[in-house]
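Shown next: input26.txt, given as compact mmCIF, C-alpha atoms.
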```
# COMPACT_ATOMS: atom_id res chain seq x y z
CA MET A 1 0.00 0.00 0.00
CA SER A 2 1.43 3.38 -0.97
CA THR A 3 1.83 5.99 1.76
CA ASN A 4 -0.86 8.08 0.05
CA SER A 5 -3.40 5.25 0.02
CA TYR A 6 -2.55 4.41 3.61
CA VAL A 7 -3.06 7.99 4.80
CA ARG A 8 -6.25 8.37 2.76
CA LEU A 9 -7.75 5.13 4.08
CA LYS A 10 -6.67 5.84 7.66
CA SER A 11 -8.24 9.31 7.56
CA ARG A 12 -11.58 7.90 6.38
CA LEU A 13 -11.95 5.30 9.15
CA LEU A 14 -14.76 5.63 11.66
CA ASP A 15 -13.98 7.14 15.05
CA GLU A 16 -14.11 4.89 18.09
CA ALA A 17 -17.49 6.13 19.39
CA SER A 18 -19.22 5.42 16.05
CA THR A 19 -17.53 2.02 15.80
CA THR A 20 -18.73 1.05 19.26
CA ALA A 21 -22.26 2.37 18.68
CA LEU A 22 -22.54 0.53 15.37
CA ALA A 23 -21.29 -2.74 16.85
CA GLU A 24 -23.77 -2.38 19.74
CA THR A 25 -26.63 -1.78 17.33
CA PHE A 26 -25.79 -4.90 15.32
CA LYS A 27 -25.34 -6.87 18.54
CA VAL A 28 -28.84 -5.99 19.71
CA LEU A 29 -30.16 -7.09 16.31
CA GLY A 30 -28.24 -10.37 16.62
CA ASP A 31 -30.87 -12.24 18.61
CA PRO A 32 -33.60 -14.47 17.12
CA THR A 33 -36.40 -13.17 19.37
CA ARG A 34 -35.57 -9.57 18.59
CA VAL A 35 -35.36 -10.43 14.87
CA ARG A 36 -38.86 -11.94 15.11
CA ILE A 37 -40.20 -8.81 16.80
CA LEU A 38 -38.61 -6.50 14.21
CA ASP A 39 -39.85 -8.74 11.42
CA ALA A 40 -43.45 -8.47 12.69
CA LEU A 41 -43.08 -4.69 12.97
CA THR A 42 -41.90 -4.38 9.34
CA HIS A 43 -45.43 -5.42 8.33
CA ALA A 44 -47.57 -3.39 10.71
CA GLU A 45 -47.78 -1.11 13.74
CA VAL A 46 -48.67 -3.60 16.45
CA PRO A 47 -49.70 -3.25 20.12
CA VAL A 48 -47.63 -5.21 22.66
CA CYS A 49 -50.45 -7.66 23.48
CA ASP A 50 -50.93 -8.64 19.81
CA LEU A 51 -47.20 -8.85 19.23
CA ALA A 52 -46.95 -11.31 22.12
CA GLU A 53 -49.86 -13.34 20.77
CA VAL A 54 -48.69 -13.54 17.18
CA LEU A 55 -45.15 -14.51 18.24
CA GLY A 56 -46.28 -16.97 20.92
CA LEU A 57 -44.40 -15.10 23.67
CA THR A 58 -45.48 -13.66 27.02
CA GLN A 59 -46.23 -9.94 27.14
CA SER A 60 -43.53 -9.55 29.74
CA ALA A 61 -40.91 -11.14 27.45
CA VAL A 62 -41.97 -8.96 24.52
CA SER A 63 -42.00 -5.80 26.66
CA HIS A 64 -38.50 -6.56 27.90
CA GLN A 65 -37.15 -6.87 24.35
CA LEU A 66 -39.07 -3.80 23.17
CA ARG A 67 -37.51 -1.70 25.92
CA LEU A 68 -34.09 -2.83 24.77
CA LEU A 69 -34.91 -2.12 21.11
CA ARG A 70 -36.35 1.28 21.99
CA GLY A 71 -33.23 2.11 23.98
CA MET A 72 -31.23 1.63 20.77
CA ARG A 73 -33.88 3.61 18.84
CA LEU A 74 -34.65 0.60 16.68
CA VAL A 75 -38.37 0.80 17.48
CA ARG A 76 -40.63 3.59 18.70
CA SER A 77 -43.93 3.53 20.54
CA ARG A 78 -47.20 5.45 20.44
CA ARG A 79 -49.89 5.30 23.10
CA ASP A 80 -53.48 5.11 21.91
CA GLY A 81 -55.90 4.76 24.81
CA GLN A 82 -54.97 1.67 26.79
CA HIS A 83 -52.68 0.23 24.12
CA ILE A 84 -49.08 0.98 23.30
CA TYR A 85 -48.34 0.49 19.61
CA TYR A 86 -44.85 -0.27 18.34
CA THR A 87 -43.28 0.25 14.96
CA LEU A 88 -39.77 0.35 13.48
CA ASP A 89 -38.10 3.63 14.39
CA ASP A 90 -37.45 4.95 10.90
CA GLN A 91 -36.67 4.08 7.30
CA HIS A 92 -33.02 3.28 8.14
CA ILE A 93 -34.19 0.41 10.31
CA VAL A 94 -36.62 -0.82 7.67
CA LYS A 95 -33.86 -0.78 5.05
CA LEU A 96 -31.26 -2.26 7.42
CA PHE A 97 -33.58 -5.16 8.10
CA GLU A 98 -34.45 -5.59 4.40
CA GLN A 99 -30.79 -5.60 3.32
CA GLY A 100 -29.92 -8.16 5.97
CA LEU A 101 -32.80 -10.36 4.91
CA GLU A 102 -31.97 -10.15 1.20
CA HIS A 103 -28.40 -11.13 2.03
CA VAL A 104 -29.54 -14.14 4.01
CA LEU A 105 -32.04 -15.27 1.37
CA GLU A 106 -29.44 -14.96 -1.40
CA ARG A 107 -26.95 -16.95 0.64
CA ARG A 108 -29.44 -19.78 0.90
CA ALA A 109 -30.45 -19.62 -2.79
CA MET B 1 -56.39 -7.31 16.65
CA SER B 2 -59.04 -8.70 14.32
CA THR B 3 -58.78 -12.36 13.30
CA ASN B 4 -58.06 -11.24 9.74
CA SER B 5 -55.17 -8.99 10.76
CA TYR B 6 -53.81 -11.72 13.01
CA VAL B 7 -53.89 -14.36 10.25
CA ARG B 8 -52.40 -11.94 7.72
CA LEU B 9 -49.55 -10.88 10.01
CA LYS B 10 -48.88 -14.45 11.14
CA SER B 11 -48.69 -15.68 7.53
CA ARG B 12 -46.12 -13.01 6.63
CA LEU B 13 -43.67 -13.77 9.43
CA LEU B 14 -40.23 -15.11 8.58
CA ASP B 15 -39.63 -18.84 8.86
CA GLU B 16 -37.33 -20.10 11.60
CA ALA B 17 -34.33 -20.77 9.34
CA SER B 18 -34.36 -17.22 7.97
CA THR B 19 -34.83 -15.77 11.46
CA THR B 20 -31.84 -17.71 12.77
CA ALA B 21 -29.65 -16.86 9.77
CA LEU B 22 -30.51 -13.17 10.03
CA ALA B 23 -29.81 -13.06 13.77
CA GLU B 24 -26.47 -14.83 13.18
CA THR B 25 -25.52 -12.32 10.49
CA PHE B 26 -26.25 -9.36 12.77
CA LYS B 27 -24.43 -11.10 15.64
CA VAL B 28 -21.26 -11.43 13.56
CA LEU B 29 -21.54 -7.73 12.69
CA GLY B 30 -21.96 -6.88 16.38
CA ASP B 31 -18.26 -6.74 17.22
CA PRO B 32 -16.11 -3.57 17.19
CA THR B 33 -13.10 -5.20 15.49
CA ARG B 34 -15.26 -6.66 12.74
CA VAL B 35 -17.02 -3.29 12.34
CA ARG B 36 -13.58 -1.65 11.91
CA ILE B 37 -12.61 -4.21 9.26
CA LEU B 38 -15.88 -3.79 7.35
CA ASP B 39 -15.58 -0.02 7.63
CA ALA B 40 -12.10 -0.10 6.05
CA LEU B 41 -13.40 -2.36 3.28
CA THR B 42 -16.26 0.05 2.42
CA HIS B 43 -13.58 2.46 1.19
CA ALA B 44 -11.25 0.16 -0.74
CA GLU B 45 -10.28 -3.37 -1.69
CA VAL B 46 -7.46 -4.02 0.75
CA PRO B 47 -4.90 -6.84 1.15
CA VAL B 48 -4.71 -8.52 4.58
CA CYS B 49 -1.30 -7.06 5.42
CA ASP B 50 -2.43 -3.48 4.77
CA LEU B 51 -5.69 -4.03 6.61
CA ALA B 52 -3.72 -5.17 9.65
CA GLU B 53 -1.39 -2.17 9.40
CA VAL B 54 -4.09 0.47 8.99
CA LEU B 55 -6.14 -0.96 11.87
CA GLY B 56 -3.15 -1.54 14.14
CA LEU B 57 -3.87 -5.27 14.47
CA THR B 58 -1.78 -8.37 13.86
CA GLN B 59 -2.21 -10.13 10.51
CA SER B 60 -3.24 -13.23 12.40
CA ALA B 61 -6.04 -11.38 14.24
CA VAL B 62 -7.28 -9.81 11.00
CA SER B 63 -7.14 -13.14 9.15
CA HIS B 64 -9.15 -14.81 11.89
CA GLN B 65 -11.93 -12.21 11.66
CA LEU B 66 -11.88 -12.22 7.86
CA ARG B 67 -12.42 -15.99 7.82
CA LEU B 68 -15.43 -15.55 10.06
CA LEU B 69 -16.79 -12.70 7.91
CA ARG B 70 -16.19 -14.70 4.73
CA GLY B 71 -18.00 -17.67 6.26
CA MET B 72 -21.08 -15.46 6.59
CA ARG B 73 -20.47 -14.10 3.06
CA LEU B 74 -20.02 -10.60 4.40
CA VAL B 75 -16.65 -10.22 2.66
CA ARG B 76 -15.04 -11.93 -0.31
CA SER B 77 -11.44 -12.41 -1.30
CA ARG B 78 -9.40 -12.30 -4.50
CA ARG B 79 -5.84 -13.56 -4.85
CA ASP B 80 -3.44 -11.42 -6.87
CA GLY B 81 0.08 -12.83 -6.86
CA GLN B 82 1.23 -13.13 -3.26
CA HIS B 83 -1.53 -10.94 -1.85
CA ILE B 84 -5.10 -11.75 -0.92
CA TYR B 85 -7.39 -8.76 -1.34
CA TYR B 86 -10.63 -8.40 0.58
CA THR B 87 -13.75 -6.41 -0.15
CA LEU B 88 -17.37 -6.35 1.04
CA ASP B 89 -19.25 -9.26 -0.49
CA ASP B 90 -21.91 -7.32 -2.38
CA GLN B 91 -24.08 -4.22 -2.46
CA HIS B 92 -26.39 -5.59 0.27
CA ILE B 93 -23.51 -5.51 2.72
CA VAL B 94 -22.46 -2.04 1.63
CA LYS B 95 -26.03 -0.77 2.13
CA LEU B 96 -26.52 -2.71 5.37
CA PHE B 97 -23.42 -1.08 6.79
CA GLU B 98 -24.42 2.38 5.49
CA GLN B 99 -27.94 2.16 6.96
CA GLY B 100 -26.56 1.06 10.32
CA LEU B 101 -24.07 3.90 10.30
CA GLU B 102 -26.66 6.54 9.34
CA HIS B 103 -28.86 5.28 12.19
CA VAL B 104 -26.03 5.58 14.69
CA LEU B 105 -24.96 9.03 13.48
CA GLU B 106 -28.55 10.32 13.63
CA ARG B 107 -28.96 8.94 17.14
CA ARG B 108 -25.94 10.93 18.25
CA ALA B 109 -27.02 14.10 16.43
```

Representation of the structure as structure tokens:
Amino acid sequence: MSTNSYVRLKSRLLDEASTTALAETFKVLGDPTRVRILDALTHAEVPVCDLAEVLGLTQSAVSHQLRLLRGMRLVRSRRDGQHIYYTLDDQHIVKLFEQGLEHVLERRA
Amino acid sequence: MSTNSYVRLKSRLLDEASTTALAETFKVLGDPTRVRILDALTHAEVPVCDLAEVLGLTQSAVSHQLRLLRGMRLVRSRRDGQHIYYTLDDQHIVKLFEQGLEHVLERRA
């Protein structure tokens, strides 16, 4: 590698805080239950009770994971009367999930 | 949730194999050293020795992580003479990484 290329590449690398935050985000996504929750939320805005029912999990288990996902701003919530509805936080998360899924499906093809 | 909505959502959920594969992919990405390697490879096709140098890691440590990343088809390699060059496997990985990074940068903003 020429000195120029080395300096150019080195200068473009992520700083430590971004690296850590990105790794933490992917780590939170790296769990089958959380993937199932995010998958369900790609299709609809769903209240906690229905999310638990459709995934065959307890409400307490789903709430625990949703708190974690909300802490990483991967999902957001909206209260409507007695129900709290969840959805993916924004289009980055939708696309992140889609890209990951396409990768996995291609790998299996 | 109406019975119709329930059945529709349930029928659209990912199968178990895809859920597991997707969670495993995110899990592999959820490590700061691997994030640093992927970050460097978003900018250039880089041989192992230069990757080690620019990241301040041993070649053996970098090679170990690259094998793991290649096993998940997150990176691919190309031999050119004595050097093995690495790059991100395809556009899904580039976009996956970009979306994750934009999410993290927005969260901090």

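Here atom CA of Glu16 of chain A and atom CA of His83 of chain B stand 28.4 Å from one another.
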
Between chain B and chain A, at 6 Å or less, what are the per-residue closest atom pairs and their distances in Å? Count all atoms listed in the file, order by chain and rising residue number, and return it as JSON lines.
```
{"residue": "B:Thr19", "atom": "CA", "partner": "A:Pro32", "partner_atom": "CA", "distance": 5.9}
{"residue": "B:Thr20", "atom": "CA", "partner": "A:Pro32", "partner_atom": "CA", "distance": 5.7}
{"residue": "B:Ala23", "atom": "CA", "partner": "A:Gly30", "partner_atom": "CA", "distance": 4.2}
{"residue": "B:Glu24", "atom": "CA", "partner": "A:Gly30", "partner_atom": "CA", "distance": 5.9}
{"residue": "B:Phe26", "atom": "CA", "partner": "A:Gly30", "partner_atom": "CA", "distance": 4.5}
{"residue": "B:Lys27", "atom": "CA", "partner": "A:Gly30", "partner_atom": "CA", "distance": 4.0}
{"residue": "B:Leu29", "atom": "CA", "partner": "A:Phe26", "partner_atom": "CA", "distance": 5.7}
{"residue": "B:Gly30", "atom": "CA", "partner": "A:Lys27", "partner_atom": "CA", "distance": 4.0}
{"residue": "B:Asp31", "atom": "CA", "partner": "A:Ala23", "partner_atom": "CA", "distance": 5.0}
{"residue": "B:Pro32", "atom": "CA", "partner": "A:Ala23", "partner_atom": "CA", "distance": 5.3}
{"residue": "B:His92", "atom": "CA", "partner": "A:Gln99", "partner_atom": "CA", "distance": 5.4}
{"residue": "B:Leu96", "atom": "CA", "partner": "A:Leu96", "partner_atom": "CA", "distance": 5.2}
{"residue": "B:Gln99", "atom": "CA", "partner": "A:His92", "partner_atom": "CA", "distance": 5.3}
```

Matching every Cα in sequence order between the two identical chains, what are the coordinates of chain A once fitted onto chain B? Write them as a PDB file with C-alpha atoms, keeping the file's coordinate frame.
```pdb
ATOM      1  CA  MET A   1     -56.331  -7.327  16.651  1.00  0.00           C
ATOM      2  CA  SER A   2     -58.995  -8.704  14.324  1.00  0.00           C
ATOM      3  CA  THR A   3     -58.751 -12.355  13.307  1.00  0.00           C
ATOM      4  CA  ASN A   4     -58.040 -11.234   9.734  1.00  0.00           C
ATOM      5  CA  SER A   5     -55.135  -8.997  10.744  1.00  0.00           C
ATOM      6  CA  TYR A   6     -53.791 -11.715  13.007  1.00  0.00           C
ATOM      7  CA  VAL A   7     -53.864 -14.347  10.258  1.00  0.00           C
ATOM      8  CA  ARG A   8     -52.394 -11.935   7.707  1.00  0.00           C
ATOM      9  CA  LEU A   9     -49.542 -10.890  10.001  1.00  0.00           C
ATOM     10  CA  LYS A  10     -48.857 -14.461  11.127  1.00  0.00           C
ATOM     11  CA  SER A  11     -48.674 -15.678   7.522  1.00  0.00           C
ATOM     12  CA  ARG A  12     -46.116 -13.000   6.617  1.00  0.00           C
ATOM     13  CA  LEU A  13     -43.656 -13.790   9.427  1.00  0.00           C
ATOM     14  CA  LEU A  14     -40.222 -15.130   8.582  1.00  0.00           C
ATOM     15  CA  ASP A  15     -39.628 -18.866   8.854  1.00  0.00           C
ATOM     16  CA  GLU A  16     -37.335 -20.125  11.589  1.00  0.00           C
ATOM     17  CA  ALA A  17     -34.312 -20.784   9.336  1.00  0.00           C
ATOM     18  CA  SER A  18     -34.348 -17.210   7.965  1.00  0.00           C
ATOM     19  CA  THR A  19     -34.824 -15.783  11.460  1.00  0.00           C
ATOM     20  CA  THR A  20     -31.837 -17.710  12.769  1.00  0.00           C
ATOM     21  CA  ALA A  21     -29.649 -16.851   9.767  1.00  0.00           C
ATOM     22  CA  LEU A  22     -30.510 -13.163  10.035  1.00  0.00           C
ATOM     23  CA  ALA A  23     -29.808 -13.062  13.769  1.00  0.00           C
ATOM     24  CA  GLU A  24     -26.462 -14.823  13.187  1.00  0.00           C
ATOM     25  CA  THR A  25     -25.511 -12.325  10.503  1.00  0.00           C
ATOM     26  CA  PHE A  26     -26.253  -9.368  12.779  1.00  0.00           C
ATOM     27  CA  LYS A  27     -24.427 -11.090  15.634  1.00  0.00           C
ATOM     28  CA  VAL A  28     -21.262 -11.424  13.569  1.00  0.00           C
ATOM     29  CA  LEU A  29     -21.544  -7.726  12.696  1.00  0.00           C
ATOM     30  CA  GLY A  30     -21.966  -6.881  16.391  1.00  0.00           C
ATOM     31  CA  ASP A  31     -18.273  -6.734  17.238  1.00  0.00           C
ATOM     32  CA  PRO A  32     -16.119  -3.571  17.196  1.00  0.00           C
ATOM     33  CA  THR A  33     -13.114  -5.200  15.491  1.00  0.00           C
ATOM     34  CA  ARG A  34     -15.261  -6.661  12.750  1.00  0.00           C
ATOM     35  CA  VAL A  35     -17.020  -3.291  12.339  1.00  0.00           C
ATOM     36  CA  ARG A  36     -13.597  -1.656  11.897  1.00  0.00           C
ATOM     37  CA  ILE A  37     -12.610  -4.210   9.260  1.00  0.00           C
ATOM     38  CA  LEU A  38     -15.886  -3.785   7.348  1.00  0.00           C
ATOM     39  CA  ASP A  39     -15.587  -0.021   7.630  1.00  0.00           C
ATOM     40  CA  ALA A  40     -12.107  -0.094   6.040  1.00  0.00           C
ATOM     41  CA  LEU A  41     -13.408  -2.361   3.270  1.00  0.00           C
ATOM     42  CA  THR A  42     -16.264   0.046   2.427  1.00  0.00           C
ATOM     43  CA  HIS A  43     -13.579   2.456   1.185  1.00  0.00           C
ATOM     44  CA  ALA A  44     -11.267   0.150  -0.738  1.00  0.00           C
ATOM     45  CA  GLU A  45     -10.278  -3.390  -1.694  1.00  0.00           C
ATOM     46  CA  VAL A  46      -7.458  -4.031   0.749  1.00  0.00           C
ATOM     47  CA  PRO A  47      -4.902  -6.853   1.148  1.00  0.00           C
ATOM     48  CA  VAL A  48      -4.736  -8.522   4.578  1.00  0.00           C
ATOM     49  CA  CYS A  49      -1.295  -7.079   5.419  1.00  0.00           C
ATOM     50  CA  ASP A  50      -2.431  -3.479   4.778  1.00  0.00           C
ATOM     51  CA  LEU A  51      -5.693  -4.032   6.609  1.00  0.00           C
ATOM     52  CA  ALA A  52      -3.720  -5.177   9.653  1.00  0.00           C
ATOM     53  CA  GLU A  53      -1.410  -2.175   9.405  1.00  0.00           C
ATOM     54  CA  VAL A  54      -4.085   0.464   8.981  1.00  0.00           C
ATOM     55  CA  LEU A  55      -6.148  -0.964  11.862  1.00  0.00           C
ATOM     56  CA  GLY A  56      -3.156  -1.523  14.153  1.00  0.00           C
ATOM     57  CA  LEU A  57      -3.885  -5.260  14.473  1.00  0.00           C
ATOM     58  CA  THR A  58      -1.776  -8.366  13.865  1.00  0.00           C
ATOM     59  CA  GLN A  59      -2.226 -10.135  10.537  1.00  0.00           C
ATOM     60  CA  SER A  60      -3.251 -13.243  12.406  1.00  0.00           C
ATOM     61  CA  ALA A  61      -6.042 -11.379  14.243  1.00  0.00           C
ATOM     62  CA  VAL A  62      -7.290  -9.813  11.010  1.00  0.00           C
ATOM     63  CA  SER A  63      -7.155 -13.141   9.145  1.00  0.00           C
ATOM     64  CA  HIS A  64      -9.160 -14.808  11.896  1.00  0.00           C
ATOM     65  CA  GLN A  65     -11.928 -12.200  11.663  1.00  0.00           C
ATOM     66  CA  LEU A  66     -11.876 -12.238   7.855  1.00  0.00           C
ATOM     67  CA  ARG A  67     -12.413 -15.995   7.831  1.00  0.00           C
ATOM     68  CA  LEU A  68     -15.428 -15.525  10.064  1.00  0.00           C
ATOM     69  CA  LEU A  69     -16.791 -12.694   7.897  1.00  0.00           C
ATOM     70  CA  ARG A  70     -16.206 -14.704   4.730  1.00  0.00           C
ATOM     71  CA  GLY A  71     -18.008 -17.672   6.256  1.00  0.00           C
ATOM     72  CA  MET A  72     -21.086 -15.447   6.592  1.00  0.00           C
ATOM     73  CA  ARG A  73     -20.483 -14.104   3.056  1.00  0.00           C
ATOM     74  CA  LEU A  74     -20.022 -10.595   4.397  1.00  0.00           C
ATOM     75  CA  VAL A  75     -16.657 -10.218   2.650  1.00  0.00           C
ATOM     76  CA  ARG A  76     -15.052 -11.942  -0.322  1.00  0.00           C
ATOM     77  CA  SER A  77     -11.433 -12.396  -1.313  1.00  0.00           C
ATOM     78  CA  ARG A  78      -9.399 -12.308  -4.513  1.00  0.00           C
ATOM     79  CA  ARG A  79      -5.844 -13.561  -4.863  1.00  0.00           C
ATOM     80  CA  ASP A  80      -3.455 -11.421  -6.877  1.00  0.00           C
ATOM     81  CA  GLY A  81       0.061 -12.846  -6.854  1.00  0.00           C
ATOM     82  CA  GLN A  82       1.218 -13.143  -3.262  1.00  0.00           C
ATOM     83  CA  HIS A  83      -1.539 -10.950  -1.833  1.00  0.00           C
ATOM     84  CA  ILE A  84      -5.102 -11.760  -0.918  1.00  0.00           C
ATOM     85  CA  TYR A  85      -7.389  -8.763  -1.354  1.00  0.00           C
ATOM     86  CA  TYR A  86     -10.632  -8.407   0.577  1.00  0.00           C
ATOM     87  CA  THR A  87     -13.745  -6.425  -0.161  1.00  0.00           C
ATOM     88  CA  LEU A  88     -17.368  -6.345   1.019  1.00  0.00           C
ATOM     89  CA  ASP A  89     -19.263  -9.257  -0.498  1.00  0.00           C
ATOM     90  CA  ASP A  90     -21.923  -7.318  -2.372  1.00  0.00           C
ATOM     91  CA  GLN A  91     -24.083  -4.212  -2.454  1.00  0.00           C
ATOM     92  CA  HIS A  92     -26.397  -5.582   0.274  1.00  0.00           C
ATOM     93  CA  ILE A  93     -23.502  -5.509   2.709  1.00  0.00           C
ATOM     94  CA  VAL A  94     -22.464  -2.022   1.637  1.00  0.00           C
ATOM     95  CA  LYS A  95     -26.024  -0.767   2.123  1.00  0.00           C
ATOM     96  CA  LEU A  96     -26.518  -2.704   5.374  1.00  0.00           C
ATOM     97  CA  PHE A  97     -23.418  -1.070   6.780  1.00  0.00           C
ATOM     98  CA  GLU A  98     -24.418   2.391   5.493  1.00  0.00           C
ATOM     99  CA  GLN A  99     -27.930   2.160   6.966  1.00  0.00           C
ATOM    100  CA  GLY A 100     -26.552   1.071  10.319  1.00  0.00           C
ATOM    101  CA  LEU A 101     -24.071   3.918  10.318  1.00  0.00           C
ATOM    102  CA  GLU A 102     -26.652   6.546   9.356  1.00  0.00           C
ATOM    103  CA  HIS A 103     -28.851   5.300  12.185  1.00  0.00           C
ATOM    104  CA  VAL A 104     -26.033   5.588  14.687  1.00  0.00           C
ATOM    105  CA  LEU A 105     -24.968   9.045  13.499  1.00  0.00           C
ATOM    106  CA  GLU A 106     -28.554  10.331  13.640  1.00  0.00           C
ATOM    107  CA  ARG A 107     -28.968   8.953  17.140  1.00  0.00           C
ATOM    108  CA  ARG A 108     -25.960  10.941  18.268  1.00  0.00           C
ATOM    109  CA  ALA A 109     -27.018  14.135  16.440  1.00  0.00           C
TER     110      ALA A 109
END
```

Expressed in Å to a single decimal, how great is the separation between atom CA of Arg67 of chain A and atom CA of Tyr86 of chain A?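 For atom CA of Arg67 of chain A relative to atom CA of Tyr86 of chain A, the distance reads 10.6 Å.
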
Work out how far apart atom CA of Val62 of chain A and atom CA of Arg78 of chain A are and give it in Å to one decimal.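 These atoms are spaced 15.9 Å apart.
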
Neighbours of His64 of chain B within 12 Å (all atoms listed in the file; same-chain residues fewer than 4 positions away dropped), as a count of residues only? 13

Any chance you could build segment 12-29 of chain B out to N, CA and C atoms and write it as a PDB file, keeping the file's coordinate frame?
```pdb
ATOM      1  N   ARG B  12     -47.226 -13.739   7.269  1.00  0.00           N
ATOM      2  CA  ARG B  12     -46.120 -13.010   6.630  1.00  0.00           C
ATOM      3  C   ARG B  12     -44.830 -13.090   7.437  1.00  0.00           C
ATOM      4  N   LEU B  13     -44.882 -13.701   8.602  1.00  0.00           N
ATOM      5  CA  LEU B  13     -43.670 -13.770   9.430  1.00  0.00           C
ATOM      6  C   LEU B  13     -42.603 -14.664   8.798  1.00  0.00           C
ATOM      7  N   LEU B  14     -41.366 -14.328   9.075  1.00  0.00           N
ATOM      8  CA  LEU B  14     -40.230 -15.110   8.580  1.00  0.00           C
ATOM      9  C   LEU B  14     -40.259 -16.530   9.144  1.00  0.00           C
ATOM     10  N   ASP B  15     -39.783 -17.482   8.344  1.00  0.00           N
ATOM     11  CA  ASP B  15     -39.630 -18.840   8.860  1.00  0.00           C
ATOM     12  C   ASP B  15     -38.432 -18.908   9.807  1.00  0.00           C
ATOM     13  N   GLU B  16     -38.353 -19.992  10.541  1.00  0.00           N
ATOM     14  CA  GLU B  16     -37.330 -20.100  11.600  1.00  0.00           C
ATOM     15  C   GLU B  16     -35.903 -20.069  11.047  1.00  0.00           C
ATOM     16  N   ALA B  17     -35.685 -20.735   9.901  1.00  0.00           N
ATOM     17  CA  ALA B  17     -34.330 -20.770   9.340  1.00  0.00           C
ATOM     18  C   ALA B  17     -33.856 -19.365   8.963  1.00  0.00           C
ATOM     19  N   SER B  18     -34.742 -18.581   8.358  1.00  0.00           N
ATOM     20  CA  SER B  18     -34.360 -17.220   7.970  1.00  0.00           C
ATOM     21  C   SER B  18     -34.126 -16.347   9.196  1.00  0.00           C
ATOM     22  N   THR B  19     -34.983 -16.526  10.214  1.00  0.00           N
ATOM     23  CA  THR B  19     -34.830 -15.770  11.460  1.00  0.00           C
ATOM     24  C   THR B  19     -33.461 -16.041  12.075  1.00  0.00           C
ATOM     25  N   THR B  20     -33.115 -17.327  12.176  1.00  0.00           N
ATOM     26  CA  THR B  20     -31.840 -17.710  12.770  1.00  0.00           C
ATOM     27  C   THR B  20     -30.667 -17.170  11.952  1.00  0.00           C
ATOM     28  N   ALA B  21     -30.746 -17.305  10.636  1.00  0.00           N
ATOM     29  CA  ALA B  21     -29.650 -16.860   9.770  1.00  0.00           C
ATOM     30  C   ALA B  21     -29.472 -15.338   9.875  1.00  0.00           C
ATOM     31  N   LEU B  22     -30.589 -14.626   9.935  1.00  0.00           N
ATOM     32  CA  LEU B  22     -30.510 -13.170  10.030  1.00  0.00           C
ATOM     33  C   LEU B  22     -29.914 -12.737  11.375  1.00  0.00           C
ATOM     34  N   ALA B  23     -30.355 -13.382  12.444  1.00  0.00           N
ATOM     35  CA  ALA B  23     -29.810 -13.060  13.770  1.00  0.00           C
ATOM     36  C   ALA B  23     -28.306 -13.374  13.806  1.00  0.00           C
ATOM     37  N   GLU B  24     -27.905 -14.468  13.189  1.00  0.00           N
ATOM     38  CA  GLU B  24     -26.470 -14.830  13.180  1.00  0.00           C
ATOM     39  C   GLU B  24     -25.656 -13.804  12.394  1.00  0.00           C
ATOM     40  N   THR B  25     -26.214 -13.334  11.298  1.00  0.00           N
ATOM     41  CA  THR B  25     -25.520 -12.320  10.490  1.00  0.00           C
ATOM     42  C   THR B  25     -25.308 -11.049  11.311  1.00  0.00           C
ATOM     43  N   PHE B  26     -26.364 -10.575  11.957  1.00  0.00           N
ATOM     44  CA  PHE B  26     -26.250  -9.360  12.770  1.00  0.00           C
ATOM     45  C   PHE B  26     -25.281  -9.586  13.940  1.00  0.00           C
ATOM     46  N   LYS B  27     -25.305 -10.787  14.501  1.00  0.00           N
ATOM     47  CA  LYS B  27     -24.430 -11.100  15.640  1.00  0.00           C
ATOM     48  C   LYS B  27     -22.950 -10.988  15.228  1.00  0.00           C
ATOM     49  N   VAL B  28     -22.632 -11.512  14.056  1.00  0.00           N
ATOM     50  CA  VAL B  28     -21.260 -11.430  13.560  1.00  0.00           C
ATOM     51  C   VAL B  28     -20.853  -9.972  13.340  1.00  0.00           C
ATOM     52  N   LEU B  29     -21.810  -9.162  12.908  1.00  0.00           N
ATOM     53  CA  LEU B  29     -21.540  -7.730  12.690  1.00  0.00           C
ATOM     54  C   LEU B  29     -21.401  -6.977  14.014  1.00  0.00           C
TER      55      LEU B  29
END
```
